[in-house]
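Q: Quick one, run-v2.txt (compact mmCIF, C-alpha atoms):
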```txt
# COMPACT_ATOMS: atom_id res chain seq x y z
CA MET A 13 -32.22 -48.30 -17.13
CA ASN A 14 -31.59 -50.45 -14.09
CA LEU A 15 -30.93 -49.03 -10.64
CA SER A 16 -27.15 -49.37 -10.76
CA LYS A 17 -26.94 -47.49 -14.08
CA LEU A 18 -29.24 -44.76 -12.73
CA VAL A 19 -27.08 -44.29 -9.61
CA LEU A 20 -23.95 -44.14 -11.80
CA ALA A 21 -25.53 -41.51 -14.08
CA ILE A 22 -26.56 -39.34 -11.12
CA PHE A 23 -23.06 -39.67 -9.63
CA CYS A 24 -21.47 -38.56 -12.91
CA VAL A 25 -23.76 -35.52 -13.13
CA LEU A 26 -22.92 -34.51 -9.58
CA LEU A 27 -19.20 -35.03 -10.20
CA VAL A 28 -19.24 -32.84 -13.30
CA SER A 29 -21.25 -30.15 -11.49
CA CYS A 30 -18.75 -30.07 -8.65
CA GLY A 31 -15.86 -29.95 -11.07
CA ASP A 32 -17.41 -27.01 -12.92
CA LYS A 33 -17.69 -24.85 -9.78
CA GLU A 34 -16.11 -21.47 -10.50
CA GLU A 35 -13.26 -20.49 -8.24
CA PRO A 36 -13.18 -16.82 -7.14
CA PRO A 37 -10.32 -14.71 -8.51
CA GLU A 38 -7.44 -13.43 -6.39
CA LEU A 39 -7.49 -10.09 -4.67
CA PRO A 40 -4.68 -7.65 -5.50
CA PRO A 41 -1.54 -7.93 -3.32
CA THR A 42 -1.63 -5.89 -0.11
CA LEU A 43 1.42 -3.92 -1.24
CA SER A 44 -0.58 -2.67 -4.21
CA PHE A 45 -2.46 -0.35 -1.86
CA VAL A 46 -1.10 -0.26 1.70
CA LEU A 47 2.44 1.00 2.24
CA ASN A 48 4.09 -0.84 5.13
CA TYR A 49 6.03 1.92 6.89
CA ASP A 50 7.09 -0.64 9.52
CA GLU A 51 9.69 -1.90 7.05
CA PHE A 52 11.70 1.22 7.85
CA PRO A 53 14.18 0.58 10.73
CA GLU A 54 13.54 1.78 14.24
CA LYS A 55 16.14 3.22 16.58
CA ASN A 56 18.44 0.43 17.80
CA LYS A 57 16.16 -2.23 16.30
CA THR A 58 18.91 -4.86 16.30
CA LYS A 59 19.96 -4.41 19.93
CA PRO A 60 18.78 -6.71 22.75
CA LEU A 61 15.81 -5.58 24.83
CA THR A 62 18.03 -4.82 27.86
CA GLU A 63 20.04 -2.36 25.78
CA LYS A 64 16.94 -0.81 24.25
CA LEU A 65 15.65 0.02 27.73
CA GLU A 66 18.85 1.83 28.71
CA PRO A 67 18.83 5.66 28.79
CA LEU A 68 19.47 7.17 25.40
CA MET A 69 23.19 7.73 25.93
CA ALA A 70 23.76 7.75 22.17
CA PRO A 71 20.75 9.10 20.28
CA ALA A 72 20.47 8.32 16.60
CA GLY A 73 22.73 10.25 14.25
CA ALA A 74 21.61 13.16 12.12
CA ASN A 75 21.54 11.16 8.89
CA PHE A 76 19.13 8.55 10.25
CA VAL A 77 17.00 11.19 12.01
CA HIS A 78 16.64 13.15 8.77
CA ALA A 79 15.51 10.03 6.93
CA VAL A 80 12.99 9.18 9.66
CA PHE A 81 11.63 12.74 9.67
CA ASN A 82 10.92 12.74 5.94
CA VAL A 83 9.26 9.32 6.00
CA GLY A 84 7.25 10.38 9.06
CA ILE A 85 5.71 13.37 7.29
CA TRP A 86 4.24 11.18 4.56
CA LYS A 87 3.22 8.53 7.09
CA LEU A 88 1.18 11.15 8.96
CA ILE A 89 -0.46 12.38 5.75
CA THR A 90 -1.39 8.91 4.51
CA ASP A 91 -2.33 7.48 7.92
CA VAL A 92 -4.90 10.24 8.35
CA GLY A 93 -6.02 10.71 4.76
CA MET A 94 -6.17 7.00 3.93
CA LEU A 95 -7.52 5.65 7.23
CA ILE A 96 -10.90 4.47 5.93
CA PRO A 97 -9.65 3.41 2.44
CA ALA A 98 -6.73 1.39 3.86
CA THR A 99 -8.89 -0.18 6.58
CA SER A 100 -11.57 -1.11 4.05
CA PHE A 101 -9.01 -2.69 1.72
CA ILE A 102 -7.68 -4.90 4.51
CA ALA A 103 -11.19 -5.74 5.71
CA VAL A 104 -12.34 -7.31 2.43
CA PHE A 105 -9.55 -9.89 2.64
CA ASN A 106 -11.60 -11.50 5.42
CA ALA A 107 -14.81 -11.53 3.36
CA GLU A 108 -16.33 -14.39 1.37
CA PRO A 109 -16.49 -13.50 -2.34
CA GLU A 110 -19.77 -13.80 -4.21
CA LYS A 111 -21.24 -12.91 -7.59
CA ASN A 112 -23.39 -9.78 -7.80
CA ALA A 113 -26.38 -9.14 -10.07
CA ASN A 114 -24.08 -8.10 -12.91
CA GLY A 115 -22.11 -11.32 -12.74
CA ASN A 116 -19.04 -9.63 -11.24
CA TRP A 117 -17.22 -10.89 -8.16
CA GLN A 118 -17.47 -8.79 -5.03
CA TRP A 119 -16.19 -8.86 -1.44
CA SER A 120 -18.15 -7.10 1.34
CA ASN A 121 -17.31 -6.62 4.99
CA GLN A 122 -18.07 -4.34 7.90
CA LEU A 123 -15.54 -2.19 9.71
CA SER A 124 -15.60 0.31 12.53
CA GLN A 125 -13.59 3.48 13.07
CA PHE A 126 -14.10 5.96 15.93
CA PHE A 127 -17.33 4.22 16.98
CA THR A 128 -18.74 4.59 13.46
CA SER A 129 -19.77 1.62 11.31
CA TYR A 130 -18.95 1.29 7.63
CA VAL A 131 -19.59 -1.34 4.99
CA ALA A 132 -16.90 -1.84 2.35
CA THR A 133 -17.71 -3.56 -0.94
CA LEU A 134 -14.93 -4.23 -3.43
CA VAL A 135 -16.20 -5.13 -6.92
CA ARG A 136 -14.09 -6.77 -9.62
CA SER A 137 -14.82 -6.51 -13.34
CA LEU A 138 -12.91 -6.90 -16.61
CA ASP A 139 -12.05 -4.26 -19.20
CA GLY A 140 -10.30 -5.88 -22.15
CA SER A 141 -7.00 -7.26 -20.84
CA ASP A 142 -7.25 -5.31 -17.55
CA VAL A 143 -8.84 -6.20 -14.24
CA VAL A 144 -10.81 -3.29 -12.77
CA TRP A 145 -11.58 -2.78 -9.07
CA ARG A 146 -14.07 -0.39 -7.46
CA MET A 147 -14.41 0.14 -3.72
CA TYR A 148 -17.82 1.33 -2.55
CA ILE A 149 -18.13 2.44 1.07
CA SER A 150 -21.31 3.07 3.01
CA LYS A 151 -21.37 4.94 6.31
CA ALA A 152 -24.14 4.21 8.77
CA ASN A 153 -26.85 6.90 8.75
CA ASP A 154 -24.87 9.07 6.35
CA TYR A 155 -24.19 7.79 2.80
CA ASP A 156 -24.46 4.63 0.71
CA ASP A 157 -22.12 3.14 -1.89
CA PHE A 158 -19.72 6.04 -2.21
CA LEU A 159 -17.09 5.14 -4.84
CA TRP A 160 -14.09 6.06 -2.68
CA TYR A 161 -11.41 4.56 -4.91
CA SER A 162 -10.92 2.51 -8.04
CA GLY A 163 -8.01 0.81 -9.76
CA ARG A 164 -6.86 -1.53 -12.48
CA HIS A 165 -4.03 -3.93 -13.18
CA ASN A 166 -2.89 -6.39 -15.81
CA LYS A 167 -4.05 -9.99 -15.50
CA ASP A 168 -0.78 -11.33 -14.14
CA MET A 169 -0.90 -8.77 -11.29
CA SER A 170 2.55 -7.43 -12.00
CA ALA A 171 1.57 -3.75 -12.23
CA GLY A 172 -1.40 -1.51 -11.61
CA THR A 173 -2.82 1.79 -10.38
CA TRP A 174 -5.38 3.17 -7.93
CA THR A 175 -7.09 6.58 -7.70
CA LEU A 176 -8.49 7.76 -4.37
CA LYS A 177 -10.97 10.51 -3.61
CA LYS A 178 -10.40 12.71 -0.55
CA ASP A 179 -13.66 11.66 1.13
CA TYR A 180 -17.43 11.73 0.70
CA THR A 181 -17.71 15.46 1.43
CA ASN A 182 -14.62 16.42 -0.60
CA ASN A 183 -15.24 14.31 -3.69
CA TYR A 184 -12.11 15.17 -5.66
CA ASP A 185 -8.97 13.23 -6.52
CA PHE A 186 -6.60 12.93 -3.57
CA ILE A 187 -3.89 10.29 -3.99
CA GLY A 188 -2.79 8.37 -7.06
CA ILE A 189 -1.10 5.01 -6.52
CA GLU A 190 1.22 3.14 -8.88
CA TRP A 191 2.48 -0.31 -7.95
CA THR A 192 4.48 -3.25 -9.24
CA HIS A 193 4.81 -6.79 -7.94
CA ASP A 194 7.33 -9.51 -8.83
CA SER A 195 6.09 -12.82 -7.44
CA ALA A 196 9.29 -14.62 -8.48
CA THR A 197 11.52 -12.44 -6.29
CA SER A 198 8.90 -11.30 -3.73
CA THR A 199 9.80 -7.69 -4.46
CA GLY A 200 7.69 -4.73 -5.46
CA THR A 201 7.17 -0.99 -5.47
CA LEU A 202 4.42 1.34 -4.29
CA LYS A 203 4.18 5.05 -5.08
CA TYR A 204 1.76 7.52 -3.49
CA SER A 205 1.41 10.80 -5.42
CA ASN A 206 -0.47 13.97 -4.51
CA ILE A 207 -3.02 14.50 -7.32
CA ILE A 208 -5.25 17.10 -5.66
CA PRO A 209 -6.64 19.49 -8.33
CA ALA A 210 -5.67 23.16 -8.12
CA ASP A 211 -9.34 24.24 -8.13
CA SER A 212 -10.32 21.98 -5.22
CA GLY A 213 -9.67 24.60 -2.53
CA ASP A 214 -7.56 22.05 -0.64
CA MET A 215 -4.49 23.56 1.05
CA GLN A 216 -2.42 20.57 -0.10
CA ALA A 217 -3.21 21.21 -3.78
CA SER A 218 -0.03 23.25 -4.12
CA GLU A 219 1.92 20.02 -3.51
CA ASN A 220 0.30 18.29 -6.49
CA GLY A 221 3.12 16.21 -8.01
CA GLY A 222 4.82 15.43 -4.71
CA TYR A 223 5.24 11.76 -3.92
CA ILE A 224 6.67 9.02 -1.74
CA TYR A 225 8.00 6.00 -3.60
CA TYR A 226 8.78 2.77 -1.73
CA GLY A 227 10.33 -0.42 -3.01
CA THR A 228 12.14 -3.63 -2.18
CA THR A 229 14.89 -5.09 -4.34
CA ILE A 230 17.19 -8.11 -4.59
CA ASP A 231 20.26 -5.97 -3.90
CA SER A 232 22.31 -7.62 -1.14
CA THR A 233 23.46 -4.34 0.42
CA TYR A 234 20.48 -1.98 0.24
CA ASP A 235 17.34 -4.01 -0.38
CA ALA A 236 14.73 -1.32 0.37
CA PHE A 237 14.31 2.33 -0.52
CA PHE A 238 12.20 5.46 -0.25
CA ASP A 239 12.27 8.34 -2.74
CA ILE A 240 10.43 11.38 -1.41
CA TYR A 241 9.80 14.35 -3.67
CA ASN A 242 8.79 17.67 -2.12
CA LYS A 243 7.02 19.57 -4.90
CA GLY A 244 7.00 22.96 -3.17
CA ALA A 245 10.76 22.85 -2.58
CA ASP A 246 11.47 20.95 -5.81
CA ASN A 247 13.69 18.63 -3.76
CA LEU A 248 14.23 14.87 -3.82
CA THR A 249 15.19 12.92 -0.70
CA SER A 250 16.48 9.41 -1.44
CA ILE A 251 16.78 6.80 1.30
CA GLN A 252 18.18 3.28 1.07
CA TRP A 253 18.69 0.69 3.81
CA ASN A 254 19.26 -2.98 4.59
CA ARG A 255 16.15 -4.57 6.08
CA VAL A 256 18.11 -7.09 8.15
CA SER A 257 21.10 -5.14 9.43
CA VAL A 258 19.22 -1.78 9.30
CA PHE A 259 22.21 0.30 8.23
CA GLY A 260 21.43 2.78 5.46
CA ARG A 261 22.07 6.05 3.71
CA VAL A 262 20.29 9.23 2.64
CA SER A 263 20.87 11.92 0.01
CA ASP A 264 19.19 15.32 0.06
CA MET A 265 20.49 18.42 -1.71
CA ASP A 266 18.51 20.86 0.44
CA LYS A 267 19.65 19.27 3.70
CA PHE A 268 23.29 18.52 2.98
CA GLY A 269 24.10 20.93 0.17
CA ASP A 270 25.45 18.17 -2.05
CA ALA A 271 24.24 15.13 -4.00
CA HIS A 272 26.35 12.63 -2.02
CA TRP A 273 25.16 9.77 0.16
CA HIS A 274 25.23 10.28 3.96
CA CYS A 275 25.27 6.99 5.87
CA TRP A 276 24.32 5.46 9.21
CA ASP A 277 25.50 2.17 10.73
CA GLU A 278 23.62 -0.70 12.41
CA GLY A 279 23.17 1.41 15.52
CA GLN A 280 21.83 4.33 13.44
CA GLN A 281 24.93 6.40 14.15
CA ASP A 282 26.46 8.59 11.45
CA THR A 283 29.29 6.88 9.60
CA VAL A 284 31.47 7.42 6.56
CA CYS A 285 29.91 5.86 3.46
CA SER A 286 31.81 3.08 1.78
CA PRO A 287 33.14 3.93 -1.69
```
Could you rewrite the structure in this file as structure tokens?

A:
Amino acid sequence: MNLSKLVLAIFCVLLVSCGDKEEPPELPPTLSFVLNYDEFPEKNKTKPLTEKLEPLMAPAGANFVHAVFNVGIWKLITDVGMLIPATSFIAVFNAEPEKNANGNWQWSNQLSQFFTSYVATLVRSLDGSDVVWRMYISKANDYDDFLWYSGRHNKDMSAGTWTLKKDYTNNYDFIGIEWTHDSATSTGTLKYSNIIPADSGDMQASENGGYIYYGTTIDSTYDAFFDIYNKGADNLTSIQWNRVSVFGRVSDMDKFGDAHWHCWDEGQQDTVCSP
């Protein structure tokens, strides 16, 4: 073989090798795990800054305040209870994926909370037609590779679930997550449910079955919603709003004594609902 043919053969081998390089799989969508409470409107969100800084001559109406209160309770619960899991999930998006010893893809990154260092490692594997995820978290000078949460979804990433433990010390089920994602319409849903076992000794176990359910839709009037179920009171609070104009409505049998909608306008003032 002359020199030119040898160079051509080597070039072809290199070209094929480069072409055969395996691309890492996608991570699940952020909305599959982290509920974006910021989607919910703030007081006078649509007003200019000069008006926002004025004294609160017209505080928000009762309907909007009731909706905010109910969302706020779940935000407090999940912000505290899911601080490390949510932070770890976001952190791995900035990690370089690599294959582990078992041939599975994994993403690892460091994070810090309250002056404490953690290492989060998200591992992907396959189980039949499902994609399975396991998040292992290590805390400096405390524990290694604690399986804090795991989940699975179908291969087109249109629906899936997660199961979270309370924490390393309280190693029992805490929150169950169900999610959907429609890439064609950029809409989706995310549901957090209390799944704490009755025998766990956790004070929140009595609320097992309670949930907050968030979603976005293609509806032109109300394109976002929250359904909040209080298990202890056996009561459902439903909230719908427009993400651009921020008007909305709420229904709550315990609060209002009826199953009707109670509305607020773009300034979050109480208003009569349209038929």

Q: Quick check, in Å to one decimal: how far apart do atom CA of Thr192 of chain A and atom CA of Ser141 of chain A lie?

A: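 Distance between the two atoms: 16.8 Å.
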
Q: What is the distance, in Å and to one decimal place, between atom CA of Trp160 of chain A and atom CA of Thr199 of chain A?

A: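 Atom-to-atom, atom CA of Trp160 of chain A to atom CA of Thr199 of chain A, that is 27.6 Å.
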
Q: Here is a test: counting only C-alpha atoms, which residue of A:Gly73, A:Pro209, A:Gly84, A:Gly244 is nearest to Thr283 of chain A?

A: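 Using only C-alpha atoms, the shortest distance to Thr283 of chain A belongs to A:Gly73.
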
Q: Which residue out of A:Ile187, A:Ile89, A:Met265, A:Leu123 has the minimum interatomic distance to Asn247 of chain A when all atoms listed in the file are used?

A: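 Smallest separation from Asn247 of chain A among the options: A:Met265.
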
Q: Please determine, counting all atoms listed in the file, which residue among A:Lys167, A:Arg255, A:His274, A:Lys203 has the shortest atom-to-atom distance to Phe45 of chain A.

A: A:Lys203

Q: Atom CA of Asn48 of chain A and atom CA of Ala72 of chain A, how far apart in Å?

A: 22.0 Å

Q: Can you list, as a count of residues only, every protein, DNA or RNA residue that comes within 7 Å of segment 232-242 of chain A when you count all atoms listed in the file, leaving out same-chain residues fewer than 3 positions away?

A: 19

Q: Measuring between all atoms listed in the file, which one of A:Trp174, A:Phe81, A:Trp117, A:Tyr49 shows the shortest distance to Pro97 of chain A?

A: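 Checking each of A:Trp174, A:Phe81, A:Trp117, A:Tyr49 against Pro97 of chain A, counting all atoms listed in the file, the winner is A:Trp174.
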
Q: Which protein, DNA or RNA residues have an atom at most 6 Å from (15.0, 10.7, 4.5), counting only C-alpha atoms? List them as number ranges by chain.

A: A: 78-80, 82, 249, 251, 262

Q: Go through A:Cys275, A:Val83, A:Ala210, A:Ala171 and flag the residue nearest Asp50 of chain A, using all atoms listed in the file for the distances.

A: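 Checking each candidate against Asp50 of chain A, we get A:Val83 as the closest.
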
Q: Which one is closest to Gln280 of chain A: A:Phe259, A:Phe268, A:Tyr155, A:Tyr148? Count all atoms listed in the file.

A: A:Phe259

Q: Within 9 Å of (-16.1, -11.7, -4.8), only C-alpha atoms: residues as a ChimeraX atom specification?

A: /A:36-39,107-112,116-120,134-136

Q: Could you pull the residues within 10 Å of Phe186 of chain A, counting all atoms listed in the file, minus those fewer than 3 positions along the same chain, as a ChimeraX atom specification?

A: /A:93-94,161,175-179,182-183,204-209,212,214,216-217,220

Q: For those residues, write C-alpha atoms to a file as a CSV table (one decimal), in the coordinates of the input.

A:
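Heads up, here's the output in part.csv:
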```csv
chain,number,residue,atom,x,y,z
A,93,GLY,CA,-6.0,10.7,4.8
A,94,MET,CA,-6.2,7.0,3.9
A,161,TYR,CA,-11.4,4.6,-4.9
A,175,THR,CA,-7.1,6.6,-7.7
A,176,LEU,CA,-8.5,7.8,-4.4
A,177,LYS,CA,-11.0,10.5,-3.6
A,178,LYS,CA,-10.4,12.7,-0.6
A,179,ASP,CA,-13.7,11.7,1.1
A,182,ASN,CA,-14.6,16.4,-0.6
A,183,ASN,CA,-15.2,14.3,-3.7
A,204,TYR,CA,1.8,7.5,-3.5
A,205,SER,CA,1.4,10.8,-5.4
A,206,ASN,CA,-0.5,14.0,-4.5
A,207,ILE,CA,-3.0,14.5,-7.3
A,208,ILE,CA,-5.2,17.1,-5.7
A,209,PRO,CA,-6.6,19.5,-8.3
A,212,SER,CA,-10.3,22.0,-5.2
A,214,ASP,CA,-7.6,22.0,-0.6
A,216,GLN,CA,-2.4,20.6,-0.1
A,217,ALA,CA,-3.2,21.2,-3.8
A,220,ASN,CA,0.3,18.3,-6.5
```

Q: Which residues come within 12 Å of Asp139 of chain A, counting all atoms listed in the file, excluding same-chain residues fewer than 5 positions away, as a VMD selection string?

A: chain A and resid 116 144 to 145 163 to 167
